[in-house]
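Working notes for the structure below.
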Amino acid sequence: MAEAVLGVDLGTTATKVIAVDRSARVLFSAEHGYPLHTTPSGEATHDPLQVVEAAFLALREVAAWCVSSDVDVVALSLTGAMHTLLALDADGSPLTGSLSWADNRAVEETALLRGTEEGALLHQVTGTPIHPFAPLSKLAWFTRHSPELARGARWCGLKDFVGYRLTGRLATEHSSASGTGLMDIHRLAWHPGSLAFAGIRAEQLPELLAPVDSLPLTADVLGIRPGTPVVMGGGDGPLANLGVGAVVPGVAALSLGTSGALRVVRDQPGVDERGRVFCYGIAEGLWVLGGAVSNGGVVAQWAAETFGVEVGALLDEAAEVPVGAGGVLALPYLLAERAPWWDPDPRASLIGVRREHGRAEITRALVEGVGQQLALVLDAVRSTGAGVETVRVTGGAFRSELWAVVLASALGMPLELADDSEGSGVGAALVGWRALGVLPSLTAAAELIVPARTIAPDGEAVKYYARARPLVEKAYSALRELHAELVR
């Protein structure tokens with residue numbers, strides 16, 4: 001009988017469950033969605049019970065396929081969007097919605113740390129940048145606005161809550177915990193300084209386990225045996241590196257959807273001295289160093305909506321514009337920006353626009369702006385001594401030739417296009433196979449995952465973007481104070 005590990009990927013808009021065999025081949029998948037509730041005040045939350053329901057529906061659907069196809073489910077393994085937070089009562093029922101990474105209410109609490117010695121130390125110790133997305137800042141917000149709730153509740157991430165409903169035990173792992181701003185990445189323990197700033201106690205948080213640890217399934221999931229191992233897994237970003245095989249020196253992973261991220265694997269934790277990158281765990285001594293950008297494919301979607309044209313057609317028009325967008329420079333901060341600035345305040349800017357410029361030039365400038373932002377992340381990663389010669393890429397944006405060539409040219413190296421649909425889920429499944437002892441090591445994933453094609457950079461564009469990149473830094477620095485005034 002064939003065997004499969006089910007990778008459970010709890011995303012921002014849907015949960016996807018995939019059945020993955022020993023060779024990292026996806027056998028079957030199912031997906032169920034849910035809304036992200038947002039408000040003008042900066043809230044961005046999920047109903048955790050809706051997410052649990054979606055996860056169980058997808059699990060049952062995949063389990064039913066496995067039964068009908070004579071495939072034995074030997075383990076479940078979890079992954080999910082990082083930086084989530086919700087409160088539970090003593091019985092394990094939600095007291096709040098689940099705050100997503102996009103929840104931006106903790107701006108004032110973050111400002112207390114940004115640019116301070118304490119903030120720099122917390123970033124170095126926890127690997128998590130000082131930013132409103134971090135549960136560290138979110139908990140400080142609750143401590144300020146709902147002190148009784150903050151002191152009395154149990155706190156966990158959304159993935160932890162789903163794991164609790166599957167196993168009856170509230171636990172997290174070092175990968176997801178490394179994105180909270182609450183765990184000392186060098187000691188793999190909750191950090192007293194972070195807890196003090198957040199205003200909570202360590203016993204209010206889940207127990208910390210290793211990503212390859214497992215708990216027995218206690219929930220009733222038709223088609224899956226009770227007691228089946230539920231492997232802890234990890235955060236979606238770190239496990240995406242694993243899922244595309246970018247787990248060896250010199251190979252970075254880049255994902256580009258609505259937002260984007262670039263990460264490279266190393267064998268020890270730590271961030272750069274200037275605090276431009278994050279450091280999150282995978283498992284078994286592997287760490288990802290990198291940065292997420294808030295603005296990826298969203299810039300083209302915004303342009304298409306603004307100009308009233310279909311996004312694919314607009315990108316085709318922009319591809320006809322020469323490199324440099326006719327002298328238009330874009331700071332593409334429609335959703336503020338994370339790496340390498342970690343700044344919740346900046347606004348998007350178009351510099352150098354003249355009468356002859358139209359939607360094609362503006363769109364090309366925005367795409368180039370995203371490419372330059374990711375190149376700045378790469379520069380920060382390299383400043384730590386991490387060498388990067390190849391980038392494995394995933395994401396729907398790379399269906400566009402413009403996105404593909406601009407990103408390859410901005411980064412100055414070939415991009416190896418991986419299967420763009422299941423990266424984090426495959427990564428979770430591989431952690432599952434490793435936990436079962438089938439995969440000899442996590443770095444063996446580099447041999448299992450074969451890229452579909454290679455995207456070559458344009459030589460002249462590489463030179464242009466390298467010359468222009470310092471102007472992006474200068475423009476951001478020059479406009480930072482103005483942008484801050486605009487949002488006050």
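Going by the structure tokens order, chains are called A, B, ..., each with residues numbered from 1, while ligands are numbered from 1 in the order shown.
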Listing only residues of stretch 155-222 of chain A within 12 Å of stretch 67-78 of chain A, what is the closest atom pair and its distance in Å (to one decimal) for each, using only C-alpha atoms, sorted by chain and residue number ascending, as a Markdown table?
```
| residue | atom | partner | partner_atom | distance |
| --- | --- | --- | --- | --- |
| A:Leu158 | CA | A:Leu78 | CA | 11.0 |
| A:Lys159 | CA | A:Leu78 | CA | 7.3 |
| A:Asp160 | CA | A:Leu78 | CA | 9.1 |
| A:Phe161 | CA | A:Leu78 | CA | 11.2 |
| A:Val162 | CA | A:Leu78 | CA | 8.9 |
| A:Gly163 | CA | A:Leu78 | CA | 7.7 |
| A:Tyr164 | CA | A:Leu78 | CA | 11.5 |
| A:Leu166 | CA | A:Leu76 | CA | 9.9 |
| A:Thr167 | CA | A:Leu76 | CA | 11.1 |
| A:Ala171 | CA | A:Leu78 | CA | 12.0 |
| A:Thr172 | CA | A:Leu78 | CA | 10.4 |
| A:Glu173 | CA | A:Leu78 | CA | 10.4 |
| A:Ser175 | CA | A:Leu78 | CA | 11.2 |
| A:Ser176 | CA | A:Leu78 | CA | 10.5 |
| A:Pro211 | CA | A:Leu78 | CA | 9.3 |
| A:Val212 | CA | A:Ser77 | CA | 9.0 |
| A:Asp213 | CA | A:Ser77 | CA | 10.0 |
| A:Ser214 | CA | A:Ser77 | CA | 8.5 |
| A:Leu215 | CA | A:Leu76 | CA | 9.9 |
| A:Pro216 | CA | A:Ala75 | CA | 9.4 |
| A:Leu217 | CA | A:Leu76 | CA | 8.7 |
| A:Val221 | CA | A:Leu76 | CA | 11.4 |
| A:Leu222 | CA | A:Val67 | CA | 9.8 |
```
Expected file: the selected residues, N, CA and C atoms, as a PDB file, in the first residue's frame:
```pdb
ATOM      1  N   LEU A 158      -2.487  30.832  15.488  1.00  0.00           N
ATOM      2  CA  LEU A 158      -3.601  30.141  14.848  1.00  0.00           C
ATOM      3  C   LEU A 158      -3.257  28.683  14.551  1.00  0.00           C
ATOM      4  N   LYS A 159      -2.040  28.412  14.119  1.00  0.00           N
ATOM      5  CA  LYS A 159      -1.622  27.028  13.867  1.00  0.00           C
ATOM      6  C   LYS A 159      -1.639  26.217  15.159  1.00  0.00           C
ATOM      7  N   ASP A 160      -1.227  26.846  16.248  1.00  0.00           N
ATOM      8  CA  ASP A 160      -1.250  26.159  17.540  1.00  0.00           C
ATOM      9  C   ASP A 160      -2.682  25.771  17.918  1.00  0.00           C
ATOM     10  N   PHE A 161      -3.629  26.677  17.621  1.00  0.00           N
ATOM     11  CA  PHE A 161      -5.029  26.412  17.978  1.00  0.00           C
ATOM     12  C   PHE A 161      -5.582  25.243  17.160  1.00  0.00           C
ATOM     13  N   VAL A 162      -5.261  25.198  15.874  1.00  0.00           N
ATOM     14  CA  VAL A 162      -5.709  24.074  15.051  1.00  0.00           C
ATOM     15  C   VAL A 162      -5.066  22.780  15.550  1.00  0.00           C
ATOM     16  N   GLY A 163      -3.778  22.845  15.888  1.00  0.00           N
ATOM     17  CA  GLY A 163      -3.126  21.665  16.453  1.00  0.00           C
ATOM     18  C   GLY A 163      -3.775  21.216  17.749  1.00  0.00           C
ATOM     19  N   TYR A 164      -4.199  22.174  18.575  1.00  0.00           N
ATOM     20  CA  TYR A 164      -4.894  21.863  19.825  1.00  0.00           C
ATOM     21  C   TYR A 164      -6.203  21.129  19.547  1.00  0.00           C
ATOM     22  N   LEU A 166      -6.798  19.273  17.038  1.00  0.00           N
ATOM     23  CA  LEU A 166      -6.486  17.954  16.489  1.00  0.00           C
ATOM     24  C   LEU A 166      -5.976  16.994  17.556  1.00  0.00           C
ATOM     25  N   THR A 167      -5.267  17.510  18.567  1.00  0.00           N
ATOM     26  CA  THR A 167      -4.560  16.640  19.509  1.00  0.00           C
ATOM     27  C   THR A 167      -4.992  16.813  20.961  1.00  0.00           C
ATOM     28  N   ALA A 171       0.388  23.387  22.079  1.00  0.00           N
ATOM     29  CA  ALA A 171       1.845  23.437  21.931  1.00  0.00           C
ATOM     30  C   ALA A 171       2.188  24.204  20.670  1.00  0.00           C
ATOM     31  N   THR A 172       3.394  24.724  20.622  1.00  0.00           N
ATOM     32  CA  THR A 172       3.928  25.327  19.417  1.00  0.00           C
ATOM     33  C   THR A 172       5.321  24.747  19.202  1.00  0.00           C
ATOM     34  N   GLU A 173       6.012  25.208  18.176  1.00  0.00           N
ATOM     35  CA  GLU A 173       7.351  24.690  17.883  1.00  0.00           C
ATOM     36  C   GLU A 173       8.299  25.852  17.611  1.00  0.00           C
ATOM     37  N   SER A 175       9.988  26.827  15.136  1.00  0.00           N
ATOM     38  CA  SER A 175       9.915  27.562  13.871  1.00  0.00           C
ATOM     39  C   SER A 175       8.895  28.697  13.978  1.00  0.00           C
ATOM     40  N   SER A 176       7.649  28.380  14.275  1.00  0.00           N
ATOM     41  CA  SER A 176       6.636  29.428  14.416  1.00  0.00           C
ATOM     42  C   SER A 176       6.976  30.370  15.556  1.00  0.00           C
ATOM     43  N   PRO A 211      10.174  21.119  15.843  1.00  0.00           N
ATOM     44  CA  PRO A 211       9.321  20.941  14.666  1.00  0.00           C
ATOM     45  C   PRO A 211       9.090  19.488  14.279  1.00  0.00           C
ATOM     46  N   VAL A 212      10.032  18.593  14.568  1.00  0.00           N
ATOM     47  CA  VAL A 212       9.855  17.181  14.205  1.00  0.00           C
ATOM     48  C   VAL A 212       9.180  16.375  15.307  1.00  0.00           C
ATOM     49  N   ASP A 213       8.862  17.017  16.432  1.00  0.00           N
ATOM     50  CA  ASP A 213       8.089  16.326  17.469  1.00  0.00           C
ATOM     51  C   ASP A 213       6.655  16.118  16.986  1.00  0.00           C
ATOM     52  N   SER A 214       5.979  15.136  17.559  1.00  0.00           N
ATOM     53  CA  SER A 214       4.597  14.876  17.156  1.00  0.00           C
ATOM     54  C   SER A 214       3.740  14.560  18.372  1.00  0.00           C
ATOM     55  N   LEU A 215       2.452  14.751  18.205  1.00  0.00           N
ATOM     56  CA  LEU A 215       1.445  14.417  19.204  1.00  0.00           C
ATOM     57  C   LEU A 215       0.413  13.517  18.537  1.00  0.00           C
ATOM     58  N   PRO A 216      -0.212  12.605  19.265  1.00  0.00           N
ATOM     59  CA  PRO A 216      -1.179  11.696  18.635  1.00  0.00           C
ATOM     60  C   PRO A 216      -2.500  12.391  18.306  1.00  0.00           C
ATOM     61  N   LEU A 217      -3.080  12.041  17.183  1.00  0.00           N
ATOM     62  CA  LEU A 217      -4.376  12.570  16.773  1.00  0.00           C
ATOM     63  C   LEU A 217      -5.460  12.046  17.711  1.00  0.00           C
ATOM     64  N   VAL A 221     -11.393  12.321  12.635  1.00  0.00           N
ATOM     65  CA  VAL A 221     -11.270  12.699  11.224  1.00  0.00           C
ATOM     66  C   VAL A 221     -11.483  11.429  10.406  1.00  0.00           C
ATOM     67  N   LEU A 222     -12.637  11.319   9.778  1.00  0.00           N
ATOM     68  CA  LEU A 222     -12.993  10.116   9.032  1.00  0.00           C
ATOM     69  C   LEU A 222     -11.922   9.796   7.995  1.00  0.00           C
TER      70      LEU A 222
END
```
Discussion item. Applying 8 Å and only C-alpha atoms, which residues near A:Ser178 remain after dropping the ones on its own chain fewer than 3 positions away? List them as a list in words.
Written reply: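 Listed by chain and then number, they are Thr126, Gly127, Thr128, His174, Ser175, Gly181, Leu182, Met183, Asp184, Ile185, Cys279, Tyr280 and Gly281 of chain A.
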Mind checking which residues fall within 8 Å of stretch 249-263 of chain A, counting only C-alpha atoms, ignoring those fewer than 5 positions away in the same chain, and posting them as a PDB file with C-alpha atoms, in the first residue's frame?
```
ATOM      1  CA  GLY A 237       7.998  30.972   5.233  1.00  0.00           C
ATOM      2  CA  PRO A 238      10.756  28.713   6.577  1.00  0.00           C
ATOM      3  CA  ALA A 240       8.629  27.136   1.866  1.00  0.00           C
ATOM      4  CA  ASN A 241      12.429  26.995   1.589  1.00  0.00           C
ATOM      5  CA  VAL A 244      11.337  24.182  -3.013  1.00  0.00           C
ATOM      6  CA  VAL A 288      16.296  31.005   7.367  1.00  0.00           C
ATOM      7  CA  LEU A 289      17.743  34.504   7.135  1.00  0.00           C
ATOM      8  CA  GLY A 290      15.869  37.001   4.997  1.00  0.00           C
ATOM      9  CA  GLY A 291      13.096  39.500   4.716  1.00  0.00           C
ATOM     10  CA  ALA A 292       9.490  39.841   3.649  1.00  0.00           C
ATOM     11  CA  VAL A 293       8.215  42.735   1.547  1.00  0.00           C
ATOM     12  CA  SER A 294       4.608  43.838   1.930  1.00  0.00           C
ATOM     13  CA  ASN A 295       4.294  44.846  -1.714  1.00  0.00           C
ATOM     14  CA  GLY A 296       4.577  42.237  -4.448  1.00  0.00           C
ATOM     15  CA  GLY A 297       1.953  41.424  -7.042  1.00  0.00           C
ATOM     16  CA  VAL A 298      -0.402  43.837  -5.291  1.00  0.00           C
ATOM     17  CA  LEU A 374      13.878  42.446  -2.937  1.00  0.00           C
ATOM     18  CA  VAL A 377      16.865  42.371   1.036  1.00  0.00           C
ATOM     19  CA  LEU A 378      19.381  40.226  -0.827  1.00  0.00           C
ATOM     20  CA  ALA A 386      25.734  34.327   3.403  1.00  0.00           C
ATOM     21  CA  GLY A 387      26.577  33.595  -0.203  1.00  0.00           C
ATOM     22  CA  VAL A 388      23.745  33.392  -2.737  1.00  0.00           C
ATOM     23  CA  GLU A 389      24.361  32.141  -6.279  1.00  0.00           C
ATOM     24  CA  THR A 390      20.917  30.803  -7.214  1.00  0.00           C
ATOM     25  CA  VAL A 391      17.341  31.667  -6.288  1.00  0.00           C
ATOM     26  CA  ARG A 392      14.455  29.186  -6.333  1.00  0.00           C
ATOM     27  CA  VAL A 393      11.226  31.104  -6.980  1.00  0.00           C
ATOM     28  CA  THR A 394       7.545  30.363  -6.490  1.00  0.00           C
ATOM     29  CA  GLY A 395       4.372  32.383  -6.838  1.00  0.00           C
ATOM     30  CA  GLY A 396       1.700  33.324  -9.313  1.00  0.00           C
ATOM     31  CA  ALA A 397       3.492  36.542 -10.302  1.00  0.00           C
ATOM     32  CA  PHE A 398       6.092  34.542 -12.222  1.00  0.00           C
TER      33      PHE A 398
END
```
Discussion item. Show me, as a list in words, the residues that have an atom within 8 Å of A:Arg114 when counting only C-alpha atoms, minus same-chain residues fewer than 4 positions from it.
Written reply: Thr110, Gly119, Ala120, Ile130 and His131 of chain A
Discussion item. Residues near A:Lys474, anyone? I mean within 12 Å using only C-alpha atoms, not counting same-chain ones fewer than 6 positions away, as a ChimeraX atom specification.
Written reply: /A:329,331,468,480
